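Okay, query.txt is below, compact mmCIF, C-alpha atoms and all ligand atoms:
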```txt
# COMPACT_ATOMS: atom_id res chain seq x y z
CA MET A 1 265.14 205.57 44.45
CA THR A 2 264.80 208.58 46.75
CA THR A 3 267.22 211.34 47.56
CA SER A 4 267.93 212.02 51.20
CA ALA A 5 265.82 215.18 50.93
CA GLU A 6 262.84 213.07 49.89
CA GLN A 7 263.26 210.54 52.69
CA ARG A 8 261.31 211.33 55.82
CA ALA A 9 262.68 210.38 59.20
CA VAL A 10 260.47 207.85 60.96
CA HIS A 11 259.18 209.12 64.29
CA LEU A 12 258.64 206.56 67.02
CA LEU A 13 256.77 207.46 70.22
CA VAL A 14 256.78 205.25 73.30
CA LEU A 15 254.25 205.91 76.07
CA THR A 16 254.95 204.16 79.36
CA GLY A 17 252.95 203.69 82.54
CA ALA A 18 253.46 202.16 85.95
CA GLY A 19 253.53 198.62 84.47
CA ILE A 20 257.01 199.09 83.02
CA SER A 21 258.38 199.66 86.53
CA ALA A 22 256.43 196.76 88.05
CA ASP A 23 259.21 194.37 87.03
CA SER A 24 261.64 196.54 89.05
CA GLY A 25 259.49 196.04 92.14
CA VAL A 26 257.70 199.43 91.99
CA ARG A 27 254.01 198.80 92.45
CA THR A 28 251.41 199.98 89.95
CA PHE A 29 248.24 201.84 90.94
CA ARG A 30 245.49 199.55 89.96
CA ASP A 31 246.76 195.99 90.31
CA HIS A 32 246.34 195.66 94.08
CA GLY A 33 242.65 196.08 94.82
CA GLY A 34 242.74 199.79 93.98
CA LEU A 35 245.38 200.51 96.60
CA TRP A 36 248.75 202.12 95.90
CA GLU A 37 251.22 200.76 98.46
CA GLY A 38 248.35 200.29 100.91
CA GLN A 39 246.77 203.72 100.35
CA ARG A 40 243.79 204.80 98.30
CA PRO A 41 245.26 207.18 95.67
CA GLU A 42 242.73 209.88 96.62
CA ASP A 43 243.97 209.81 100.23
CA VAL A 44 247.54 210.65 99.26
CA ALA A 45 247.68 211.95 95.68
CA THR A 46 245.37 214.97 95.69
CA PRO A 47 245.80 218.62 96.72
CA GLN A 48 242.91 218.10 99.16
CA ALA A 49 244.84 215.32 100.90
CA TRP A 50 247.91 217.60 101.16
CA ARG A 51 245.79 220.35 102.75
CA ARG A 52 243.98 217.90 105.05
CA ASP A 53 246.92 215.84 106.29
CA ARG A 54 250.30 217.04 105.08
CA ARG A 55 252.15 214.60 107.34
CA LEU A 56 250.41 211.54 105.86
CA VAL A 57 251.02 212.67 102.28
CA TRP A 58 254.64 213.62 102.99
CA ARG A 59 255.34 210.29 104.70
CA PHE A 60 253.85 208.42 101.73
CA TYR A 61 255.92 210.33 99.15
CA GLN A 62 259.08 210.16 101.26
CA GLN A 63 258.68 206.37 101.20
CA ARG A 64 258.24 206.44 97.40
CA ARG A 65 261.28 208.73 97.10
CA ALA A 66 263.40 206.53 99.35
CA GLN A 67 262.35 203.46 97.35
CA LEU A 68 264.15 204.88 94.30
CA GLY A 69 267.43 204.03 96.01
CA GLU A 70 266.34 200.41 96.45
CA VAL A 71 265.17 199.64 92.91
CA SER A 72 266.93 199.49 89.55
CA PRO A 73 265.93 199.82 85.91
CA ASN A 74 264.84 196.49 84.44
CA PRO A 75 265.45 195.06 80.92
CA ALA A 76 262.39 196.94 79.58
CA HIS A 77 263.87 200.33 80.55
CA ALA A 78 267.21 199.25 79.07
CA ALA A 79 265.59 198.05 75.84
CA LEU A 80 263.91 201.44 75.34
CA ALA A 81 267.20 203.27 75.84
CA ASP A 82 268.79 200.94 73.24
CA LEU A 83 265.90 201.50 70.88
CA GLU A 84 266.30 205.27 71.14
CA ARG A 85 270.00 205.00 70.28
CA GLN A 86 269.27 202.76 67.29
CA ALA A 87 266.40 204.91 66.03
CA LYS A 88 268.54 208.04 66.17
CA LEU A 89 271.53 206.32 64.52
CA ALA A 90 269.18 205.39 61.69
CA GLY A 91 268.23 209.05 61.32
CA GLY A 92 264.81 208.71 62.89
CA ALA A 93 263.10 210.64 65.66
CA PHE A 94 262.27 209.12 69.03
CA THR A 95 260.14 210.46 71.88
CA LEU A 96 259.61 208.79 75.23
CA VAL A 97 256.62 210.01 77.22
CA THR A 98 256.06 208.53 80.65
CA GLN A 99 253.32 208.80 83.23
CA ASN A 100 255.75 207.44 85.78
CA VAL A 101 257.15 209.57 88.55
CA ASP A 102 260.14 207.29 89.21
CA ASP A 103 263.57 207.91 87.65
CA LEU A 104 264.17 204.45 86.16
CA HIS A 105 264.05 205.62 82.52
CA GLU A 106 266.74 208.22 83.21
CA ARG A 107 268.89 205.68 85.03
CA ALA A 108 268.64 203.38 81.99
CA GLY A 109 269.89 206.22 79.75
CA SER A 110 266.67 207.78 78.39
CA GLN A 111 265.39 211.35 78.65
CA PRO A 112 261.65 210.97 79.05
CA ILE A 113 258.97 213.63 79.11
CA HIS A 114 257.42 213.16 82.58
CA MET A 115 253.73 214.00 82.24
CA HIS A 116 252.98 213.65 85.94
CA GLY A 117 256.11 215.08 87.54
CA GLU A 118 259.02 213.37 89.25
CA LEU A 119 259.69 211.99 92.72
CA ALA A 120 263.23 213.36 92.53
CA TRP A 121 261.96 216.95 92.53
CA LEU A 122 260.30 219.08 95.21
CA ARG A 123 258.47 222.33 94.69
CA CYS A 124 257.57 225.37 96.79
CA GLU A 125 253.90 226.30 96.76
CA ARG A 126 254.69 229.83 97.87
CA CYS A 127 257.42 230.91 95.41
CA GLU A 128 257.32 228.03 92.85
CA ARG A 129 261.05 227.24 93.24
CA ARG A 130 261.77 223.65 92.13
CA VAL A 131 264.58 221.71 93.81
CA ARG A 132 266.08 218.37 92.82
CA ASP A 133 266.45 216.46 96.07
CA LEU A 134 266.95 212.81 96.86
CA GLU A 135 268.93 213.46 100.03
CA HIS A 136 266.30 214.54 102.55
CA LEU A 137 264.31 211.31 102.86
CA SER A 138 263.17 211.29 106.48
CA PRO A 139 259.46 210.37 106.57
CA ASP A 140 258.77 212.81 109.40
CA GLU A 141 260.80 215.89 108.51
CA PHE A 142 259.61 218.45 106.00
CA VAL A 143 262.13 220.18 103.74
CA PRO A 144 261.96 224.00 103.90
CA CYS A 145 262.21 226.11 100.74
CA PRO A 146 265.81 227.26 100.14
CA ALA A 147 264.55 230.36 98.32
CA CYS A 148 261.78 231.83 100.48
CA GLY A 149 261.97 229.83 103.72
CA HIS A 150 258.45 228.35 103.41
CA ASP A 151 258.29 225.51 105.94
CA ALA A 152 257.49 222.56 103.66
CA LEU A 153 258.21 221.85 100.01
CA ARG A 154 255.70 219.53 98.33
CA PRO A 155 256.43 216.64 95.96
CA ASP A 156 256.68 217.97 92.38
CA ILE A 157 253.97 215.58 91.27
CA VAL A 158 250.81 216.30 89.29
CA TRP A 159 248.15 215.11 91.70
CA PHE A 160 244.66 214.02 90.72
CA GLY A 161 242.56 217.08 89.95
CA GLU A 162 245.60 219.25 89.10
CA PRO A 163 246.39 220.55 85.62
CA LEU A 164 249.45 219.32 83.75
CA ASP A 165 252.26 221.71 82.84
CA PRO A 166 251.06 223.10 79.46
CA HIS A 167 254.55 222.85 77.94
CA VAL A 168 254.83 219.20 78.93
CA LEU A 169 251.35 218.40 77.67
CA GLY A 170 252.03 220.31 74.44
CA ALA A 171 255.22 218.34 73.79
CA ALA A 172 253.46 215.03 74.45
CA PHE A 173 250.53 215.87 72.17
CA GLU A 174 252.86 217.15 69.47
CA ALA A 175 254.67 213.81 69.48
CA ALA A 176 251.33 211.97 69.50
CA ASP A 177 250.25 213.88 66.38
CA ALA A 178 253.58 213.58 64.56
CA CYS A 179 254.61 209.98 65.20
CA ASP A 180 254.49 207.19 62.63
CA ALA A 181 254.38 204.45 65.25
CA LEU A 182 253.50 204.36 68.93
CA ILE A 183 254.24 201.66 71.49
CA CYS A 184 252.15 201.83 74.64
CA VAL A 185 253.75 199.92 77.53
CA GLY A 186 252.21 199.11 80.92
CA SER A 187 249.48 201.71 81.18
CA SER A 188 245.88 201.08 82.21
CA LEU A 189 244.97 204.22 80.21
CA GLU A 190 242.57 205.27 82.93
CA VAL A 191 244.22 208.63 83.63
CA GLU A 192 243.50 211.57 81.30
CA PRO A 193 244.92 213.36 79.39
CA ALA A 194 247.69 210.74 79.01
CA ALA A 195 245.10 208.14 78.02
CA SER A 196 244.15 210.13 74.91
CA ILE A 197 247.69 210.01 73.45
CA PRO A 198 247.46 206.66 71.63
CA PHE A 199 244.02 207.57 70.27
CA ARG A 200 245.36 210.85 68.85
CA SER A 201 248.12 208.87 67.11
CA ILE A 202 245.62 206.37 65.72
CA ARG A 203 243.53 209.22 64.27
CA ARG A 204 246.69 210.52 62.52
CA GLY A 205 247.29 207.10 60.97
CA ALA A 206 250.12 205.88 63.19
CA VAL A 207 250.70 202.18 63.78
CA VAL A 208 249.99 201.40 67.43
CA ILE A 209 251.32 198.45 69.44
CA GLU A 210 250.33 197.73 73.03
CA ILE A 211 252.36 195.73 75.55
CA ASN A 212 250.45 194.85 78.69
CA PRO A 213 249.55 191.60 80.46
CA ALA A 214 245.93 192.82 80.76
CA PRO A 215 243.53 194.33 78.20
CA THR A 216 242.77 198.08 78.23
CA SER A 217 240.51 200.48 76.33
CA LEU A 218 243.24 200.59 73.65
CA THR A 219 243.48 196.87 73.06
CA GLU A 220 240.75 196.53 70.43
CA HIS A 221 241.99 199.64 68.54
CA ALA A 222 245.70 198.76 68.45
CA ASP A 223 247.29 197.25 65.34
CA ALA A 224 249.04 194.70 67.49
CA GLY A 225 249.01 193.72 71.12
CA ILE A 226 251.45 191.63 73.07
CA ARG A 227 250.13 190.23 76.32
CA GLY A 228 253.03 189.96 78.68
CA ASN A 229 255.35 191.67 81.13
CA ALA A 230 257.34 194.56 79.72
CA ALA A 231 260.69 193.26 80.98
CA GLU A 232 260.18 190.00 79.09
CA VAL A 233 258.52 191.32 75.94
CA LEU A 234 260.46 194.49 75.07
CA PRO A 235 264.00 193.05 74.84
CA VAL A 236 262.79 190.16 72.66
CA LEU A 237 260.65 192.40 70.46
CA PHE A 238 263.48 194.81 69.76
CA ARG A 239 266.01 192.04 69.16
CA GLU A 240 263.66 190.41 66.65
CA VAL A 241 262.46 193.56 64.89
CA TRP A 242 265.33 196.02 65.13
CA GLY A 243 268.28 193.89 66.32
P1 LIG A 301 248.14 201.89 86.41
O1 LIG A 301 248.61 201.45 87.74
O2 LIG A 301 246.80 202.50 86.29
O3 LIG A 301 248.16 200.64 85.42
C1 LIG A 301 249.26 199.78 85.37
C2 LIG A 301 249.15 198.95 84.10
O4 LIG A 301 250.34 198.20 83.98
C3 LIG A 301 247.98 197.98 84.07
O5 LIG A 301 247.30 198.10 82.83
C4 LIG A 301 248.65 196.61 84.21
O6 LIG A 301 247.95 195.59 83.51
C5 LIG A 301 250.00 196.88 83.59
N1 LIG A 301 251.07 196.01 84.08
C6 LIG A 301 251.21 195.41 85.29
N2 LIG A 301 252.35 194.72 85.36
C7 LIG A 301 252.98 194.90 84.16
C8 LIG A 301 254.21 194.45 83.61
N3 LIG A 301 255.04 193.68 84.32
N4 LIG A 301 254.54 194.82 82.34
C9 LIG A 301 253.69 195.61 81.61
N5 LIG A 301 252.51 196.06 82.09
C10 LIG A 301 252.16 195.72 83.35
O7 LIG A 301 249.26 202.86 85.85
P2 LIG A 301 249.25 204.08 84.81
O8 LIG A 301 248.41 203.73 83.64
O9 LIG A 301 250.66 204.47 84.64
O10 LIG A 301 248.49 205.30 85.51
C11 LIG A 301 248.37 205.58 86.81
C12 LIG A 301 249.12 206.71 87.47
O11 LIG A 301 249.92 206.05 88.41
C13 LIG A 301 250.06 207.58 86.74
O12 LIG A 301 249.63 208.88 86.91
C14 LIG A 301 251.41 207.43 87.46
O13 LIG A 301 251.98 208.68 87.72
C15 LIG A 301 251.08 206.77 88.75
N6 LIG A 301 252.03 205.76 89.25
C16 LIG A 301 253.34 205.80 88.91
C17 LIG A 301 254.20 204.81 89.35
C18 LIG A 301 255.66 204.90 88.97
O14 LIG A 301 256.17 205.99 88.73
N7 LIG A 301 256.36 203.78 88.86
C19 LIG A 301 253.73 203.77 90.13
C20 LIG A 301 252.37 203.74 90.47
C21 LIG A 301 251.52 204.76 90.01
ZN ZN A 302 259.74 229.14 98.28
```
What do you get writing this file as structure tokens?
Amino acid sequence: MTTSAEQRAVHLLVLTGAGISADSGVRTFRDHGGLWEGQRPEDVATPQAWRRDRRLVWRFYQQRRAQLGEVSPNPAHAALADLERQAKLAGGAFTLVTQNVDDLHERAGSQPIHMHGELAWLRCERCERRVRDLEHLSPDEFVPCPACGHDALRPDIVWFGEPLDPHVLGAAFEAADACDALICVGSSLEVEPAASIPFRSIRRGAVVIEINPAPTSLTEHADAGIRGNAAEVLPVLFREVWG
């Protein structure tokens, strides 16, 4: 028998990637011949691309931002929100870390840590003001900064070659080091530093489960792997294990 003081809350960490939103109709990066919605990521998701051709990059992100209004969370997003509620009711800790820039986790009821920024936010490069905006979605019109008047806000996205927000990275790594179990859903684990998260947790002795229709660098190190689509696997898994 243990007293409540001796019991330790179980900490569950879920790391998601583009694959969890694939079942909502949002395309992943690497499943379409290396193209993201017809573009090479380096042509639209780098600071160099923004400097070289701001109109192309803006048009691309305006399309991604507008798409948020056309897609909905799928049963995988909903299952994670349910899991968080259940874990917390049972006195445990739960952290959701996502590499995704869409808002489908929030719309399913979760509060994820967004490692790579969010489509719903814009940022001023001159004065660093951040603005939540899903209203100005014209592909051809820039949005000026409401604070300093700079002519064009940029997407508040961490582009390739840019550093992550240290607070965000710190929170994600802290959860990686503290968790007892990690579930990695729909990530190719090809983008650092997010890719190192499950390996940090493994080194700390956490149980790691991967859900992905394709193998990744994590597959052979995970305690369990379920090959399948997130929207099919997650609801069944949670009903069976925690339901
Ligand atoms: P990725 O595109 O590199 O890999 C996607 C992974 O999802 C692959 O391993 C694939 O096998 C798996 N997958 C495909 N369909 C799936 C399904 N139905 N269920 C479960 N898994 C499925 O994505 P990543 O690892 O997240 O990293 C790439 C970067 O792409 C991130 O920085 C992210 O910001 C960006 N991105 C985000 C979105 C989004 O926000 N929805 C979409 C595309 C790219
Ligand atoms: Zn500004």
Select from chain A every residue with an atom at most 6 Å from any atom of ligand ZN 302 (chain A), then for each give the shortest pair of atoms and their distance in Å to one decimal, using all atoms listed in the file, rows by chain and rising number, as JSON lines.
```
{"residue": "A:Cys124", "atom": "CA", "partner": "A:ZN302", "partner_atom": "ZN", "distance": 4.6}
{"residue": "A:Arg126", "atom": "CA", "partner": "A:ZN302", "partner_atom": "ZN", "distance": 5.1}
{"residue": "A:Cys127", "atom": "CA", "partner": "A:ZN302", "partner_atom": "ZN", "distance": 4.1}
{"residue": "A:Arg129", "atom": "CA", "partner": "A:ZN302", "partner_atom": "ZN", "distance": 5.5}
{"residue": "A:Cys145", "atom": "CA", "partner": "A:ZN302", "partner_atom": "ZN", "distance": 4.6}
{"residue": "A:Ala147", "atom": "CA", "partner": "A:ZN302", "partner_atom": "ZN", "distance": 5.0}
{"residue": "A:Cys148", "atom": "CA", "partner": "A:ZN302", "partner_atom": "ZN", "distance": 4.0}
{"residue": "A:Gly149", "atom": "CA", "partner": "A:ZN302", "partner_atom": "ZN", "distance": 5.9}
{"residue": "A:His150", "atom": "CA", "partner": "A:ZN302", "partner_atom": "ZN", "distance": 5.3}
```
Contact check, chain A to ligand LIG 301 (chain A), at most 6 Å, counting only C-alpha atoms and all ligand atoms, closest pairs as CSV:
```
residue,atom,partner,partner_atom,distance
A:Gly17,CA,A:LIG301,O9,3.2
A:Ala18,CA,A:LIG301,O9,3.9
A:Gly19,CA,A:LIG301,O4,3.3
A:Ile20,CA,A:LIG301,N4,5.0
A:Ser21,CA,A:LIG301,N7,5.1
A:Ala22,CA,A:LIG301,N3,5.0
A:Asp23,CA,A:LIG301,N3,5.0
A:Val26,CA,A:LIG301,N7,5.5
A:Arg27,CA,A:LIG301,C19,5.5
A:Thr28,CA,A:LIG301,O1,3.9
A:Phe29,CA,A:LIG301,O1,3.2
A:Arg30,CA,A:LIG301,O1,4.3
A:Gln99,CA,A:LIG301,O13,4.7
A:Asn100,CA,A:LIG301,O14,3.3
A:Val101,CA,A:LIG301,O14,3.7
A:Asp102,CA,A:LIG301,O14,4.2
A:His116,CA,A:LIG301,O13,5.4
A:Val185,CA,A:LIG301,C9,5.9
A:Gly186,CA,A:LIG301,N5,3.3
A:Ser187,CA,A:LIG301,O8,3.4
A:Ser188,CA,A:LIG301,O5,3.4
A:Leu189,CA,A:LIG301,O8,4.9
A:Val191,CA,A:LIG301,O10,5.7
A:Asn212,CA,A:LIG301,N5,4.2
A:Pro213,CA,A:LIG301,O6,5.3
A:Ala214,CA,A:LIG301,O6,4.4
A:Asn229,CA,A:LIG301,N4,3.5
A:Ala230,CA,A:LIG301,N4,3.8
```
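Atom pair atom CA of A:Asn74 / atom CA of A:Ala108: separated by 8.2 Å.
If you look at atom CA of A:Val158 and atom CA of A:Ala195, they are 15.0 Å away from each other.
Of the residues listed (A:Glu220, A:Glu174, A:Glu125, A:Glu70), A:Glu125 shows the shortest atom-to-atom separation from A:Asp151; distances use only C-alpha atoms.
Between atom CA of A:Arg204 and atom CA of A:Asp82 there is a distance of 26.4 Å.
Closest approach to A:Arg54 among A:Gly92, A:Ser196, A:Pro139, A:His77: A:Pro139, based on all atoms listed in the file.
Residues in contact with A:Pro163 at up to 12 Å, not including ones fewer than 6 positions away on its chain and judged by only C-alpha atoms, are A:Thr46, A:Pro47, A:Met115, A:His116, A:Gly117, A:Ile157, A:Leu169, A:Glu192, A:Pro193, A:Ala194.
Ranking A:Ala172, A:Ala178, A:Ile209, A:Val57 by their shortest atom-to-atom distance to A:Ile197, with all atoms listed in the file included, puts A:Ala172 first.
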Exercise. Take the point (268.4, 200.3, 70.6) in the file's coordinates, draw a sphere of radius 12 Å around it, and report as a PyMOL selection string every protein, DNA or RNA residue with an atom inside or on it, counting all atoms listed in the file.
Key: chain A and resi 75-90+92+94+108-110+234-243
Anything within 12 Å of (247.6, 204.2, 103.3): list those residues as a PDB file with C-alpha atoms, in the coordinates of the input, counting all atoms listed in the file and sticking to the file's coordinates.
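And here's selection.pdb as it stands now:
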```
ATOM      1  CA  GLY A  34     242.740 199.790  93.980  1.00  0.00           C
ATOM      2  CA  LEU A  35     245.380 200.510  96.600  1.00  0.00           C
ATOM      3  CA  TRP A  36     248.750 202.120  95.900  1.00  0.00           C
ATOM      4  CA  GLU A  37     251.220 200.760  98.460  1.00  0.00           C
ATOM      5  CA  GLY A  38     248.350 200.290 100.910  1.00  0.00           C
ATOM      6  CA  GLN A  39     246.770 203.720 100.350  1.00  0.00           C
ATOM      7  CA  ARG A  40     243.790 204.800  98.300  1.00  0.00           C
ATOM      8  CA  PRO A  41     245.260 207.180  95.670  1.00  0.00           C
ATOM      9  CA  GLU A  42     242.730 209.880  96.620  1.00  0.00           C
ATOM     10  CA  ASP A  43     243.970 209.810 100.230  1.00  0.00           C
ATOM     11  CA  VAL A  44     247.540 210.650  99.260  1.00  0.00           C
ATOM     12  CA  ALA A  45     247.680 211.950  95.680  1.00  0.00           C
ATOM     13  CA  ALA A  49     244.840 215.320 100.900  1.00  0.00           C
ATOM     14  CA  LEU A  56     250.410 211.540 105.860  1.00  0.00           C
ATOM     15  CA  VAL A  57     251.020 212.670 102.280  1.00  0.00           C
ATOM     16  CA  TRP A  58     254.640 213.620 102.990  1.00  0.00           C
ATOM     17  CA  ARG A  59     255.340 210.290 104.700  1.00  0.00           C
ATOM     18  CA  PHE A  60     253.850 208.420 101.730  1.00  0.00           C
ATOM     19  CA  TYR A  61     255.920 210.330  99.150  1.00  0.00           C
ATOM     20  CA  GLN A  63     258.680 206.370 101.200  1.00  0.00           C
TER      21      GLN A  63
END
```
Exercise. May I ask which of the residues A:Val131, A:Leu96, A:Ile211, A:Leu218 is the closest one to A:Ala231, counting only C-alpha atoms?
Key: A:Ile211
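Distances here use only C-alpha atoms; by that measure, the residue among A:Ala181, A:Glu232, A:Gln62, A:His11 closest to A:Glu141 is A:Gln62.
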Assuming 5 Å of padding per side, give the centre and edge lengths of the axis-aligned box around every listed atom of stretch 226-231 of chain A, in Å to one decimal and as AutoDock Vina command-line options.
```
--center_x 255.4 --center_y 192.3 --center_z 77.1 --size_x 20.6 --size_y 14.6 --size_z 18.1
```
Practice problem: May I ask which of the residues A:Leu119, A:Ala206, A:Val233, A:Cys179 is the closest one to A:Val10, counting all atoms listed in the file? | Solution: A:Cys179
